[in-house]
Amino acid sequence: LIIFLVLIISGSQAFAADPTIDSTIEFASNITSFSDTTASAILTIARNLFLLLASLSLALGLIRMILTGENTLGAVIAHIAKWILYVGIFTWIMSSLAAASFIPKIIINSFIALAGKMNLNVEIAPDDILAAGIRIYGIIVEKGWNAGWGDFIGITFIGIIILVVIAMIAGFIAVAVIEMHLVICGGAVLLGFGGFEYTRDIALSYLRYAISVGMKLLMITIVYSLAATLIPQWEDSFKNSSDMSALITSAGQILGGTICILIIVRIIPNIAQ
């Protein structure tokens, strides 16, 4: 009840002026900046781990050849040449997060390019959706303020639910974007385990996970494009509502629409992943 009253009071104060949002929450951009600054350090750790495990793998391979009697000059040279080629390819892949050879980034960027070819909005900004939700809530409170207290409390309660649902939509989208950057940056250290045959599956699982994250990001982009198209239209419909009956009807339609989008953004990307 206290939270409800605070939201009503804050809403009434917000529409006393022009209900606009001058500042937005930039979670994704902060994560991007963080990942860029830590990427080189993480890749350095990954390369050192890889070279350590690869050296151990080479030593064990040579010892195994000696014990099994396969220590002919040709077999040793072939084994060392294979090891040099393998180490060189992995070192090249882990040379830089910004390098064109960084496979996890290539995988995720391919899904982003696919979304672009589908004419989707690939510039995902969850804070814009949240800002639009706050504006819708301000419009609801502003128009309900001139009605009776019963209508005002009722329409404000609906507005609070709409705001919460839109905030959850923005939150799930933000988590998907953050996950993408964490997979690209933080998970890069797992590539270091590719140097040893018994831990190679850890590096391969990281690459497989990058594919699932890319697919999830594609689904999130589709949902975001849908939400970014519908929510401004809903905002305009509120602005054009002339009486309380039309406002309540619009609020009910928007509430149902936002719940549908919330269900989609919560379920469909996880199924695709």
# chains A, B, ... in the order shown; residues from 1 in each chain; ligands from 1
>>> residues_around(residues="A:Gly144", least_positions_apart="6", cutoff="9 Å", atoms="only C-alpha atoms", output="number ranges by chain")
A: 151-156, 244, 247
>>> select_by_dssp(residues="stretch 46-114 of chain A", states="alpha helix (DSSP H)", output="number ranges by chain")
A: 46-68, 73-93, 103-114
>>> residues_around(residues="A:Leu262", least_positions_apart="3", cutoff="10 Å", atoms="only C-alpha atoms", output="list in words")
Val165, Ile166, Ala167, Met168, Ile169, Ala170, Phe172, Val223, Ala227, Gly256, Gly257, Thr258, Ile259, Val265, Arg266 and Ile267 of chain A
>>> closest_atom_pairs(of="stretch 168-254 of chain A", to="stretch 41-44 of chain A", cutoff="7 Å", atoms="only C-alpha atoms", output="tab-separated table")
residue	atom	partner	partner_atom	distance
A:Gly186	CA	A:Ile42	CA	6.9
A:Ala188	CA	A:Leu43	CA	6.4
A:Val189	CA	A:Ile42	CA	5.9
>>> closest_residue(among="A:Ile268, A:Cys260, A:Glu123, A:Asn240", to="A:Thr221", atoms="only C-alpha atoms")
A:Glu123
>>> closest_residue(among="A:Glu197, A:Ile139, A:Ile220, A:Ile261", to="A:Leu56", atoms="only C-alpha atoms")
A:Glu197
>>> residues_around(residues="A:Leu62", least_positions_apart="2", cutoff="12 Å", atoms="only C-alpha atoms", output="MDAnalysis selection string")
chainID A and resid 55:60 64:73 75:80 83
>>> closest_residue(among="A:Ile160, A:Ile103, A:Arg47, A:Gly116", to="A:Arg135", atoms="only C-alpha atoms")
A:Ile160
>>> atom_distance(atom1="atom CA of A:Leu163", atom2="atom CA of A:Asp243")
21.2 Å
>>> residues_around(residues="stretch 202-209 of chain A", least_positions_apart="6", cutoff="12 Å", atoms="only C-alpha atoms", output="ChimeraX atom specification")
/A:46,49-50,90,94,102-108,179-180,182-196,215-216,273
>>> decode(residues="stretch 106-155 of chain A", atoms="N, CA and C atoms", output="PDB file, in the first residue's frame")
ATOM      1  N   ILE A 106      32.790 -13.948 -33.976  1.00  0.00           N
ATOM      2  CA  ILE A 106      32.308 -14.199 -35.335  1.00  0.00           C
ATOM      3  C   ILE A 106      30.932 -14.856 -35.284  1.00  0.00           C
ATOM      4  N   ILE A 107      30.766 -15.822 -34.381  1.00  0.00           N
ATOM      5  CA  ILE A 107      29.497 -16.539 -34.267  1.00  0.00           C
ATOM      6  C   ILE A 107      28.362 -15.592 -33.895  1.00  0.00           C
ATOM      7  N   ILE A 108      28.584 -14.794 -32.854  1.00  0.00           N
ATOM      8  CA  ILE A 108      27.532 -13.891 -32.392  1.00  0.00           C
ATOM      9  C   ILE A 108      27.265 -12.794 -33.417  1.00  0.00           C
ATOM     10  N   ASN A 109      28.326 -12.265 -34.036  1.00  0.00           N
ATOM     11  CA  ASN A 109      28.127 -11.227 -35.055  1.00  0.00           C
ATOM     12  C   ASN A 109      27.363 -11.752 -36.264  1.00  0.00           C
ATOM     13  N   SER A 110      27.500 -13.047 -36.557  1.00  0.00           N
ATOM     14  CA  SER A 110      26.755 -13.618 -37.680  1.00  0.00           C
ATOM     15  C   SER A 110      25.258 -13.596 -37.407  1.00  0.00           C
ATOM     16  N   PHE A 111      24.864 -13.850 -36.159  1.00  0.00           N
ATOM     17  CA  PHE A 111      23.436 -13.773 -35.810  1.00  0.00           C
ATOM     18  C   PHE A 111      22.953 -12.325 -35.840  1.00  0.00           C
ATOM     19  N   ILE A 112      23.806 -11.391 -35.417  1.00  0.00           N
ATOM     20  CA  ILE A 112      23.437  -9.978 -35.483  1.00  0.00           C
ATOM     21  C   ILE A 112      23.275  -9.541 -36.942  1.00  0.00           C
ATOM     22  N   ALA A 113      24.172 -10.025 -37.819  1.00  0.00           N
ATOM     23  CA  ALA A 113      24.056  -9.699 -39.244  1.00  0.00           C
ATOM     24  C   ALA A 113      22.779 -10.285 -39.834  1.00  0.00           C
ATOM     25  N   LEU A 114      22.406 -11.485 -39.384  1.00  0.00           N
ATOM     26  CA  LEU A 114      21.155 -12.092 -39.840  1.00  0.00           C
ATOM     27  C   LEU A 114      19.957 -11.249 -39.428  1.00  0.00           C
ATOM     28  N   ALA A 115      20.000 -10.723 -38.191  1.00  0.00           N
ATOM     29  CA  ALA A 115      18.912  -9.851 -37.734  1.00  0.00           C
ATOM     30  C   ALA A 115      18.840  -8.583 -38.572  1.00  0.00           C
ATOM     31  N   GLY A 116      20.006  -8.052 -38.967  1.00  0.00           N
ATOM     32  CA  GLY A 116      20.021  -6.868 -39.816  1.00  0.00           C
ATOM     33  C   GLY A 116      19.412  -7.132 -41.181  1.00  0.00           C
ATOM     34  N   LYS A 117      19.678  -8.312 -41.744  1.00  0.00           N
ATOM     35  CA  LYS A 117      19.097  -8.663 -43.034  1.00  0.00           C
ATOM     36  C   LYS A 117      17.582  -8.867 -42.938  1.00  0.00           C
ATOM     37  N   MET A 118      17.088  -9.143 -41.744  1.00  0.00           N
ATOM     38  CA  MET A 118      15.643  -9.277 -41.531  1.00  0.00           C
ATOM     39  C   MET A 118      14.990  -7.918 -41.253  1.00  0.00           C
ATOM     40  N   ASN A 119      15.770  -6.840 -41.434  1.00  0.00           N
ATOM     41  CA  ASN A 119      15.277  -5.470 -41.212  1.00  0.00           C
ATOM     42  C   ASN A 119      14.833  -5.253 -39.765  1.00  0.00           C
ATOM     43  N   LEU A 120      15.554  -5.883 -38.836  1.00  0.00           N
ATOM     44  CA  LEU A 120      15.265  -5.704 -37.418  1.00  0.00           C
ATOM     45  C   LEU A 120      16.171  -4.625 -36.852  1.00  0.00           C
ATOM     46  N   ASN A 121      15.750  -4.062 -35.731  1.00  0.00           N
ATOM     47  CA  ASN A 121      16.541  -3.030 -35.055  1.00  0.00           C
ATOM     48  C   ASN A 121      17.615  -3.721 -34.222  1.00  0.00           C
ATOM     49  N   VAL A 122      18.855  -3.721 -34.742  1.00  0.00           N
ATOM     50  CA  VAL A 122      19.940  -4.428 -34.044  1.00  0.00           C
ATOM     51  C   VAL A 122      20.566  -3.570 -32.951  1.00  0.00           C
ATOM     52  N   GLU A 123      20.215  -2.287 -32.889  1.00  0.00           N
ATOM     53  CA  GLU A 123      20.716  -1.410 -31.829  1.00  0.00           C
ATOM     54  C   GLU A 123      19.796  -1.543 -30.621  1.00  0.00           C
ATOM     55  N   ILE A 124      20.034  -2.594 -29.834  1.00  0.00           N
ATOM     56  CA  ILE A 124      19.143  -2.895 -28.713  1.00  0.00           C
ATOM     57  C   ILE A 124      19.406  -1.921 -27.578  1.00  0.00           C
ATOM     58  N   ALA A 125      18.349  -1.235 -27.133  1.00  0.00           N
ATOM     59  CA  ALA A 125      18.459  -0.256 -26.047  1.00  0.00           C
ATOM     60  C   ALA A 125      17.313  -0.501 -25.061  1.00  0.00           C
ATOM     61  N   PRO A 126      17.514  -1.390 -24.074  1.00  0.00           N
ATOM     62  CA  PRO A 126      16.439  -1.679 -23.117  1.00  0.00           C
ATOM     63  C   PRO A 126      15.988  -0.445 -22.349  1.00  0.00           C
ATOM     64  N   ASP A 127      16.903   0.513 -22.135  1.00  0.00           N
ATOM     65  CA  ASP A 127      16.544   1.713 -21.387  1.00  0.00           C
ATOM     66  C   ASP A 127      15.509   2.550 -22.130  1.00  0.00           C
ATOM     67  N   ASP A 128      15.481   2.473 -23.469  1.00  0.00           N
ATOM     68  CA  ASP A 128      14.461   3.194 -24.223  1.00  0.00           C
ATOM     69  C   ASP A 128      13.073   2.627 -23.949  1.00  0.00           C
ATOM     70  N   ILE A 129      12.981   1.297 -23.832  1.00  0.00           N
ATOM     71  CA  ILE A 129      11.701   0.665 -23.522  1.00  0.00           C
ATOM     72  C   ILE A 129      11.249   1.069 -22.126  1.00  0.00           C
ATOM     73  N   LEU A 130      12.179   1.066 -21.174  1.00  0.00           N
ATOM     74  CA  LEU A 130      11.833   1.465 -19.808  1.00  0.00           C
ATOM     75  C   LEU A 130      11.389   2.922 -19.762  1.00  0.00           C
ATOM     76  N   ALA A 131      12.074   3.788 -20.509  1.00  0.00           N
ATOM     77  CA  ALA A 131      11.703   5.202 -20.543  1.00  0.00           C
ATOM     78  C   ALA A 131      10.308   5.387 -21.133  1.00  0.00           C
ATOM     79  N   ALA A 132       9.995   4.603 -22.176  1.00  0.00           N
ATOM     80  CA  ALA A 132       8.654   4.681 -22.762  1.00  0.00           C
ATOM     81  C   ALA A 132       7.598   4.214 -21.764  1.00  0.00           C
ATOM     82  N   GLY A 133       7.913   3.186 -20.989  1.00  0.00           N
ATOM     83  CA  GLY A 133       6.978   2.725 -19.966  1.00  0.00           C
ATOM     84  C   GLY A 133       6.720   3.770 -18.895  1.00  0.00           C
ATOM     85  N   ILE A 134       7.760   4.485 -18.513  1.00  0.00           N
ATOM     86  CA  ILE A 134       7.601   5.556 -17.523  1.00  0.00           C
ATOM     87  C   ILE A 134       6.752   6.688 -18.096  1.00  0.00           C
ATOM     88  N   ARG A 135       6.941   6.988 -19.376  1.00  0.00           N
ATOM     89  CA  ARG A 135       6.130   8.036 -20.002  1.00  0.00           C
ATOM     90  C   ARG A 135       4.663   7.626 -20.062  1.00  0.00           C
ATOM     91  N   ILE A 136       4.421   6.342 -20.386  1.00  0.00           N
ATOM     92  CA  ILE A 136       3.036   5.852 -20.417  1.00  0.00           C
ATOM     93  C   ILE A 136       2.402   5.972 -19.040  1.00  0.00           C
ATOM     94  N   TYR A 137       3.152   5.611 -18.018  1.00  0.00           N
ATOM     95  CA  TYR A 137       2.616   5.733 -16.652  1.00  0.00           C
ATOM     96  C   TYR A 137       2.320   7.189 -16.321  1.00  0.00           C
ATOM     97  N   GLY A 138       3.201   8.104 -16.717  1.00  0.00           N
ATOM     98  CA  GLY A 138       2.956   9.525 -16.465  1.00  0.00           C
ATOM     99  C   GLY A 138       1.716  10.030 -17.173  1.00  0.00           C
ATOM    100  N   ILE A 139       1.484   9.562 -18.408  1.00  0.00           N
ATOM    101  CA  ILE A 139       0.286   9.977 -19.155  1.00  0.00           C
ATOM    102  C   ILE A 139      -0.974   9.442 -18.485  1.00  0.00           C
ATOM    103  N   ILE A 140      -0.895   8.182 -18.026  1.00  0.00           N
ATOM    104  CA  ILE A 140      -2.057   7.595 -17.345  1.00  0.00           C
ATOM    105  C   ILE A 140      -2.416   8.396 -16.101  1.00  0.00           C
ATOM    106  N   VAL A 141      -1.410   8.706 -15.293  1.00  0.00           N
ATOM    107  CA  VAL A 141      -1.666   9.460 -14.067  1.00  0.00           C
ATOM    108  C   VAL A 141      -2.166  10.866 -14.391  1.00  0.00           C
ATOM    109  N   GLU A 142      -1.593  11.469 -15.406  1.00  0.00           N
ATOM    110  CA  GLU A 142      -1.991  12.832 -15.772  1.00  0.00           C
ATOM    111  C   GLU A 142      -3.447  12.895 -16.190  1.00  0.00           C
ATOM    112  N   LYS A 143      -3.875  11.940 -17.029  1.00  0.00           N
ATOM    113  CA  LYS A 143      -5.253  11.949 -17.498  1.00  0.00           C
ATOM    114  C   LYS A 143      -6.224  11.491 -16.412  1.00  0.00           C
ATOM    115  N   GLY A 144      -5.770  10.601 -15.528  1.00  0.00           N
ATOM    116  CA  GLY A 144      -6.651  10.143 -14.460  1.00  0.00           C
ATOM    117  C   GLY A 144      -6.795  11.140 -13.331  1.00  0.00           C
ATOM    118  N   TRP A 145      -5.880  12.104 -13.259  1.00  0.00           N
ATOM    119  CA  TRP A 145      -5.905  13.090 -12.182  1.00  0.00           C
ATOM    120  C   TRP A 145      -7.161  13.957 -12.217  1.00  0.00           C
ATOM    121  N   ASN A 146      -7.655  14.199 -13.412  1.00  0.00           N
ATOM    122  CA  ASN A 146      -8.831  15.061 -13.556  1.00  0.00           C
ATOM    123  C   ASN A 146     -10.134  14.325 -13.320  1.00  0.00           C
ATOM    124  N   ALA A 147     -10.081  12.996 -13.166  1.00  0.00           N
ATOM    125  CA  ALA A 147     -11.285  12.218 -12.897  1.00  0.00           C
ATOM    126  C   ALA A 147     -11.519  12.111 -11.388  1.00  0.00           C
ATOM    127  N   GLY A 148     -12.541  11.358 -11.020  1.00  0.00           N
ATOM    128  CA  GLY A 148     -12.814  11.139  -9.602  1.00  0.00           C
ATOM    129  C   GLY A 148     -11.746  10.263  -8.974  1.00  0.00           C
ATOM    130  N   TRP A 149     -11.726  10.266  -7.634  1.00  0.00           N
ATOM    131  CA  TRP A 149     -10.692   9.520  -6.937  1.00  0.00           C
ATOM    132  C   TRP A 149     -10.777   8.023  -7.220  1.00  0.00           C
ATOM    133  N   GLY A 150     -11.992   7.510  -7.364  1.00  0.00           N
ATOM    134  CA  GLY A 150     -12.135   6.090  -7.666  1.00  0.00           C
ATOM    135  C   GLY A 150     -11.525   5.720  -9.003  1.00  0.00           C
ATOM    136  N   ASP A 151     -11.867   6.523 -10.033  1.00  0.00           N
ATOM    137  CA  ASP A 151     -11.287   6.278 -11.355  1.00  0.00           C
ATOM    138  C   ASP A 151      -9.779   6.504 -11.346  1.00  0.00           C
ATOM    139  N   PHE A 152      -9.340   7.519 -10.610  1.00  0.00           N
ATOM    140  CA  PHE A 152      -7.914   7.832 -10.575  1.00  0.00           C
ATOM    141  C   PHE A 152      -7.102   6.700  -9.957  1.00  0.00           C
ATOM    142  N   ILE A 153      -7.574   6.170  -8.826  1.00  0.00           N
ATOM    143  CA  ILE A 153      -6.860   5.081  -8.167  1.00  0.00           C
ATOM    144  C   ILE A 153      -6.867   3.834  -9.036  1.00  0.00           C
ATOM    145  N   GLY A 154      -8.026   3.551  -9.660  1.00  0.00           N
ATOM    146  CA  GLY A 154      -8.120   2.363 -10.503  1.00  0.00           C
ATOM    147  C   GLY A 154      -7.199   2.431 -11.704  1.00  0.00           C
ATOM    148  N   ILE A 155      -7.219   3.547 -12.441  1.00  0.00           N
ATOM    149  CA  ILE A 155      -6.390   3.663 -13.641  1.00  0.00           C
ATOM    150  C   ILE A 155      -4.908   3.763 -13.280  1.00  0.00           C
TER     151      ILE A 155
END
